[in-house]
>>> print(open('input_7.cif').read())   # mmCIF, C-alpha atoms
data_query
#
loop_
_atom_site.label_atom_id
_atom_site.label_comp_id
_atom_site.auth_asym_id
_atom_site.auth_seq_id
_atom_site.Cartn_x
_atom_site.Cartn_y
_atom_site.Cartn_z
CA MET A 1 65.58 -56.63 -43.33
CA PHE A 2 63.75 -59.14 -41.13
CA LEU A 3 63.35 -56.51 -38.43
CA ASP A 4 61.77 -54.06 -40.89
CA ILE A 5 59.39 -56.79 -42.10
CA LEU A 6 58.38 -57.51 -38.51
CA LYS A 7 57.90 -53.79 -37.88
CA GLY A 8 55.76 -53.51 -41.02
CA PHE A 9 53.59 -56.42 -39.89
CA ILE A 10 53.04 -54.75 -36.51
CA ILE A 11 52.28 -51.43 -38.22
CA GLY A 12 49.60 -53.16 -40.32
CA ILE A 13 47.94 -54.50 -37.18
CA CYS A 14 48.23 -51.21 -35.27
CA ALA A 15 46.86 -49.18 -38.18
CA SER A 16 43.79 -51.43 -38.36
CA ALA A 17 43.10 -51.60 -34.64
CA PRO A 18 41.74 -48.08 -33.87
CA ILE A 19 37.94 -47.88 -33.69
CA GLY A 20 36.97 -45.66 -36.61
CA PRO A 21 34.52 -45.59 -39.54
CA ILE A 22 36.07 -48.62 -41.27
CA ALA A 23 36.14 -50.73 -38.10
CA ILE A 24 32.47 -49.95 -37.51
CA LEU A 25 31.69 -50.81 -41.13
CA VAL A 26 33.51 -54.16 -40.85
CA VAL A 27 31.63 -55.02 -37.65
CA GLN A 28 28.30 -54.12 -39.23
CA THR A 29 29.00 -56.10 -42.40
CA THR A 30 30.21 -59.17 -40.51
CA LEU A 31 27.18 -59.26 -38.21
CA SER A 32 24.83 -58.71 -41.15
CA LYS A 33 26.38 -60.99 -43.77
CA GLY A 34 28.97 -63.19 -42.11
CA HIS A 35 32.71 -63.79 -42.01
CA LYS A 36 33.46 -63.73 -45.75
CA ALA A 37 31.66 -60.45 -46.38
CA GLY A 38 33.25 -58.87 -43.31
CA PHE A 39 36.72 -60.01 -44.33
CA ILE A 40 36.26 -58.67 -47.88
CA THR A 41 35.25 -55.34 -46.33
CA GLY A 42 38.35 -55.45 -44.14
CA MET A 43 40.47 -56.06 -47.25
CA GLY A 44 39.25 -52.72 -48.58
CA ALA A 45 40.81 -51.15 -45.48
CA CYS A 46 43.92 -53.29 -46.05
CA VAL A 47 44.38 -51.83 -49.54
CA VAL A 48 44.09 -48.32 -48.11
CA ASP A 49 46.71 -49.05 -45.43
CA THR A 50 49.04 -50.47 -48.08
CA LEU A 51 48.60 -47.39 -50.26
CA PHE A 52 49.31 -45.09 -47.33
CA ALA A 53 52.39 -47.17 -46.45
CA ILE A 54 53.72 -46.68 -49.99
CA ILE A 55 53.14 -42.94 -49.67
CA ALA A 56 54.84 -42.87 -46.27
CA ILE A 57 57.95 -44.52 -47.72
CA PHE A 58 58.20 -42.93 -51.16
CA ALA A 59 56.35 -39.62 -51.06
CA LEU A 60 56.00 -38.52 -47.44
CA ALA A 61 57.09 -34.92 -47.95
CA ALA A 62 54.90 -34.40 -51.02
CA ALA A 63 51.87 -35.98 -49.32
CA GLU A 64 52.26 -33.83 -46.20
CA LYS A 65 52.54 -30.70 -48.36
CA ILE A 66 49.39 -31.53 -50.33
CA MET A 67 47.42 -32.35 -47.18
CA ASN A 68 48.52 -29.14 -45.46
CA GLU A 69 47.71 -26.99 -48.49
CA HIS A 70 44.29 -28.57 -49.10
CA ARG A 71 43.32 -29.59 -45.58
CA GLU A 72 39.96 -27.80 -45.65
CA LEU A 73 38.92 -29.34 -48.98
CA ILE A 74 39.97 -32.80 -47.78
CA LEU A 75 38.00 -32.40 -44.55
CA ILE A 76 34.84 -31.20 -46.30
CA ALA A 77 34.95 -33.76 -49.12
CA GLY A 78 35.90 -36.58 -46.78
CA GLY A 79 33.20 -35.57 -44.30
CA LEU A 80 30.54 -35.58 -47.01
CA ILE A 81 31.56 -39.03 -48.27
CA VAL A 82 31.70 -40.55 -44.78
CA THR A 83 28.33 -38.99 -43.88
CA ILE A 84 26.65 -40.33 -47.03
CA LEU A 85 28.05 -43.82 -46.47
CA GLY A 86 26.86 -43.70 -42.85
CA LEU A 87 23.36 -42.69 -43.94
CA ARG A 88 23.25 -45.60 -46.40
CA MET A 89 24.20 -47.97 -43.60
CA SER A 90 21.59 -46.50 -41.25
CA PHE A 91 18.71 -46.96 -43.66
CA SER A 92 19.78 -50.21 -45.30
CA ASP A 93 18.10 -53.51 -44.48
CA PRO A 94 20.72 -56.28 -44.24
CA PHE A 95 18.00 -58.91 -44.60
CA ARG A 96 16.15 -57.54 -47.61
CA ARG A 97 17.26 -60.57 -49.62
CA LEU A 98 16.37 -63.02 -46.93
CA LYS A 99 15.19 -66.28 -48.43
CA GLY A 100 14.00 -69.42 -46.80
CA GLY A 101 14.77 -68.12 -43.31
CA LYS A 102 18.50 -67.94 -43.98
CA VAL A 103 20.66 -64.93 -43.19
CA ASN A 104 22.22 -63.17 -46.15
CA ASN A 105 25.83 -64.35 -46.38
CA GLY A 106 26.49 -62.84 -49.81
CA VAL A 107 29.92 -61.42 -50.56
CA SER A 108 29.69 -58.21 -52.56
CA VAL A 109 32.29 -56.13 -54.34
CA GLN A 110 30.29 -53.18 -53.04
CA ASP A 111 31.40 -54.01 -49.48
CA PHE A 112 35.04 -53.88 -50.57
CA LEU A 113 34.59 -50.63 -52.50
CA GLN A 114 32.66 -49.01 -49.68
CA ALA A 115 35.50 -49.68 -47.23
CA LEU A 116 38.05 -48.52 -49.80
CA LEU A 117 36.20 -45.25 -50.37
CA MET A 118 35.66 -44.69 -46.66
CA GLY A 119 39.35 -45.26 -45.94
CA LEU A 120 40.51 -42.90 -48.67
CA SER A 121 38.10 -40.20 -47.52
CA ASN A 122 39.27 -40.32 -43.89
CA PRO A 123 42.19 -37.86 -43.54
CA GLY A 124 43.04 -39.15 -40.09
CA ALA A 125 43.96 -42.62 -41.38
CA ILE A 126 47.02 -41.50 -43.31
CA PHE A 127 48.34 -39.56 -40.31
CA VAL A 128 48.12 -42.76 -38.26
CA ILE A 129 50.31 -44.57 -40.80
CA PHE A 130 52.81 -41.68 -40.86
CA ALA A 131 53.00 -41.66 -37.06
CA LEU A 132 53.49 -45.43 -36.89
CA PHE A 133 56.30 -45.36 -39.45
CA ALA A 134 57.99 -42.58 -37.48
CA PHE A 135 57.52 -44.45 -34.19
CA PHE A 136 59.07 -47.65 -35.55
CA GLY A 137 61.91 -45.73 -37.20
CA ILE A 138 61.12 -46.61 -40.81
CA GLY A 139 62.17 -43.57 -42.82
CA PRO A 140 61.25 -42.39 -46.33
CA SER A 141 63.05 -43.82 -49.34
CA ASP A 142 64.35 -41.76 -52.25
CA GLY A 143 61.85 -43.54 -54.50
CA SER A 144 64.39 -45.77 -56.25
CA ASP A 145 65.13 -48.36 -53.58
CA TRP A 146 62.59 -51.18 -53.96
CA ARG A 147 64.23 -53.19 -51.19
CA VAL A 148 61.49 -51.68 -49.01
CA ALA A 149 58.89 -53.72 -50.92
CA PRO A 150 58.88 -56.57 -48.32
CA THR A 151 58.13 -53.97 -45.63
CA ILE A 152 55.15 -52.68 -47.60
CA PHE A 153 53.86 -56.22 -48.16
CA SER A 154 54.25 -56.96 -44.46
CA VAL A 155 52.05 -53.95 -43.62
CA SER A 156 49.40 -55.39 -45.91
CA ALA A 157 49.82 -58.84 -44.37
CA GLY A 158 49.46 -57.46 -40.85
CA ALA A 159 46.24 -55.66 -41.75
CA ALA A 160 44.87 -58.76 -43.51
CA VAL A 161 45.61 -61.03 -40.54
CA TYR A 162 43.98 -58.54 -38.18
CA TRP A 163 40.76 -58.27 -40.19
CA PHE A 164 40.58 -62.03 -40.77
CA SER A 165 40.87 -62.67 -37.03
CA VAL A 166 38.39 -59.97 -36.02
CA THR A 167 35.74 -60.99 -38.56
CA ALA A 168 36.13 -64.68 -37.67
CA LEU A 169 35.59 -63.84 -33.99
CA LEU A 170 32.58 -61.64 -34.75
CA ASP A 171 31.07 -64.31 -36.98
CA HIS A 172 31.34 -66.82 -34.13
CA PHE A 173 29.27 -64.58 -31.84
CA ARG A 174 26.97 -63.52 -34.68
CA LYS A 175 24.89 -66.66 -34.27
CA ARG A 176 23.81 -65.46 -30.84
CA PHE A 177 22.21 -62.29 -32.21
CA LYS A 178 18.61 -62.11 -33.33
CA MET A 179 17.77 -60.49 -36.66
CA ARG A 180 16.12 -57.50 -35.00
CA THR A 181 19.24 -56.96 -32.87
CA ILE A 182 21.47 -57.00 -35.96
CA ILE A 183 19.21 -54.46 -37.67
CA TRP A 184 19.54 -52.11 -34.70
CA ILE A 185 23.31 -52.64 -34.63
CA ASN A 186 23.28 -51.77 -38.32
CA ARG A 187 21.43 -48.52 -37.63
CA LEU A 188 23.60 -47.62 -34.65
CA ALA A 189 26.81 -48.25 -36.59
CA GLY A 190 25.54 -46.09 -39.44
CA SER A 191 24.60 -43.32 -37.01
CA ILE A 192 28.07 -43.33 -35.45
CA ILE A 193 29.67 -43.06 -38.89
CA VAL A 194 27.33 -40.17 -39.75
CA VAL A 195 28.48 -38.35 -36.61
CA ILE A 196 32.14 -38.90 -37.56
CA GLY A 197 31.44 -37.57 -41.05
CA LEU A 198 29.64 -34.52 -39.70
CA VAL A 199 32.54 -33.78 -37.34
CA LEU A 200 34.99 -33.85 -40.27
CA LEU A 201 32.64 -31.74 -42.38
CA GLY A 202 32.05 -29.30 -39.52
CA GLU A 203 35.78 -28.86 -38.89
CA GLY A 204 36.40 -28.12 -42.56
CA LEU A 205 33.54 -25.61 -42.78
CA PHE A 206 34.60 -23.94 -39.53
CA ARG A 207 38.12 -23.42 -40.83
CA VAL A 208 36.79 -21.91 -44.09
CA LEU A 209 33.91 -19.79 -42.74
CA PHE A 210 35.28 -18.60 -39.40
CA GLN A 211 39.05 -18.89 -39.56
CA GLY A 212 39.51 -17.56 -43.09
CA TYR A 213 41.29 -20.54 -44.61
CA PRO A 214 40.79 -20.84 -48.40
CA LEU A 215 38.84 -23.85 -49.65
CA ILE A 216 41.21 -24.45 -52.56
#
>>> encode(input="input_7.cif", output="structure tokens")
Amino acid sequence: MFLDILKGFIIGICASAPIGPIAILVVQTTLSKGHKAGFITGMGACVVDTLFAIIAIFALAAAEKIMNEHRELILIAGGLIVTILGLRMSFSDPFRRLKGGKVNNGVSVQDFLQALLMGLSNPGAIFVIFALFAFFGIGPSDGSDWRVAPTIFSVSAGAAVYWFSVTALLDHFRKRFKMRTIIWINRLAGSIIVVIGLVLLGEGLFRVLFQGYPLI
């Protein structure tokens, strides 16, 4: 049991580590608003990782079947959502509520929800979780054995520790950035996310229009 908990904790860290849309969003939020806002954003990703871990343990076969049957729809819908979120980041002003010369450190539920939505719309994220569970030898349950609950919680804990550490480190260096620099980082991060979204969207459209796969 302890070994599975340790494996789950490592899986949580490994699932959070890849540089993707959520990681870019967390970096942007932390540099714009500070440690608390960045960590709350990271917790949105943590919830997604926990949900995918539950699926990997209890409903792996069903999830793989659904994703294979509706891959094109998932790619197109996910690509649109990621692209829209990236555009919002690109054109947002992190200092629009600047008062008295202080940087906006506000914690918003919107940051959490944005990360949650971005994680759920990224089809690659769930495959990462599946691969990590397979690599560490944690197999699916029949759905009735809740002794795997500590493993699931340890995945969540690993992700939470990772995002807390990363956002704390970014917040430390944040003080060295000028406001104009943070604005440009904000725009660059949004642009990168837009590109990722367009790649997902393009792959889905290519499969439908040129390879003959059905949308639904």
>>> resolve_selection(input="input_7.cif", expression="the PyMOL selection byres ((chain A and resi 204) around 10)", output="number ranges by chain")
A: 71-79, 198-203, 205-209, 213, 215
>>> closest_residue(input="input_7.cif", among="A:Met118, A:Ile185, A:Ile126, A:Ile24", to="Leu60 in chain A", atoms="only C-alpha atoms")
A:Ile126
>>> resolve_selection(input="input_7.cif", expression="the PyMOL selection byres ((chain A and resi 17-20) around 10)", output="VMD selection string")
chain A and resid 11 to 16 21 to 25 119 122 124 to 125 128 159 162 to 163 166 192 to 193 196
>>> resolve_selection(input="input_7.cif", expression="the PyMOL selection byres ((chain A and resi 89) around 9)", output="MDAnalysis selection string")
chainID A and resid 25 28 84:88 90:93 186:191 193
>>> atom_distance(input="input_7.cif", atom1="CA of Trp184 in chain A", atom2="CA of Gly42 in chain A")
21.3 Å
>>> atom_distance(input="input_7.cif", atom1="CA of Thr151 in chain A", atom2="CA of Asp111 in chain A")
27.0 Å
>>> axis_aligned_box(input="input_7.cif", around="range 5-8 of chain A", padding_each_side="8 Å", output="AutoDock Vina command-line options")
--center_x 57.6 --center_y -55.5 --center_z -40.0 --size_x 19.6 --size_y 20.0 --size_z 20.2
>>> atom_distance(input="input_7.cif", atom1="CA of Thr30 in chain A", atom2="CA of Asp171 in chain A")
6.3 Å
>>> closest_residue(input="input_7.cif", among="A:Thr41, A:Ser154, A:Thr83, A:Thr50", to="Val109 in chain A", atoms="all atoms listed in the file")
A:Thr41
>>> closest_residue(input="input_7.cif", among="A:Val26, A:Gly8, A:Ser32, A:Met43", to="Met179 in chain A", atoms="all atoms listed in the file")
A:Ser32
>>> closest_residue(input="input_7.cif", among="A:Ala56, A:Leu116, A:Met67, A:Val82", to="Gly137 in chain A", atoms="all atoms listed in the file")
A:Ala56
>>> closest_residue(input="input_7.cif", among="A:Leu31, A:Phe2, A:Gln114, A:Asn68", to="Val48 in chain A", atoms="only C-alpha atoms")
A:Gln114
>>> closest_residue(input="input_7.cif", among="A:Val27, A:Ile5, A:Ile183, A:Ala45", to="Leu170 in chain A", atoms="all atoms listed in the file")
A:Val27
>>> residues_near_point(input="input_7.cif", point="(48.8, -45.7, -50.3)", cutoff="12 Å", atoms="all atoms listed in the file", output="VMD selection string")
chain A and resid 44 to 60 63 116 119 to 120 125 to 127 129 to 130 152 to 153 155 to 156
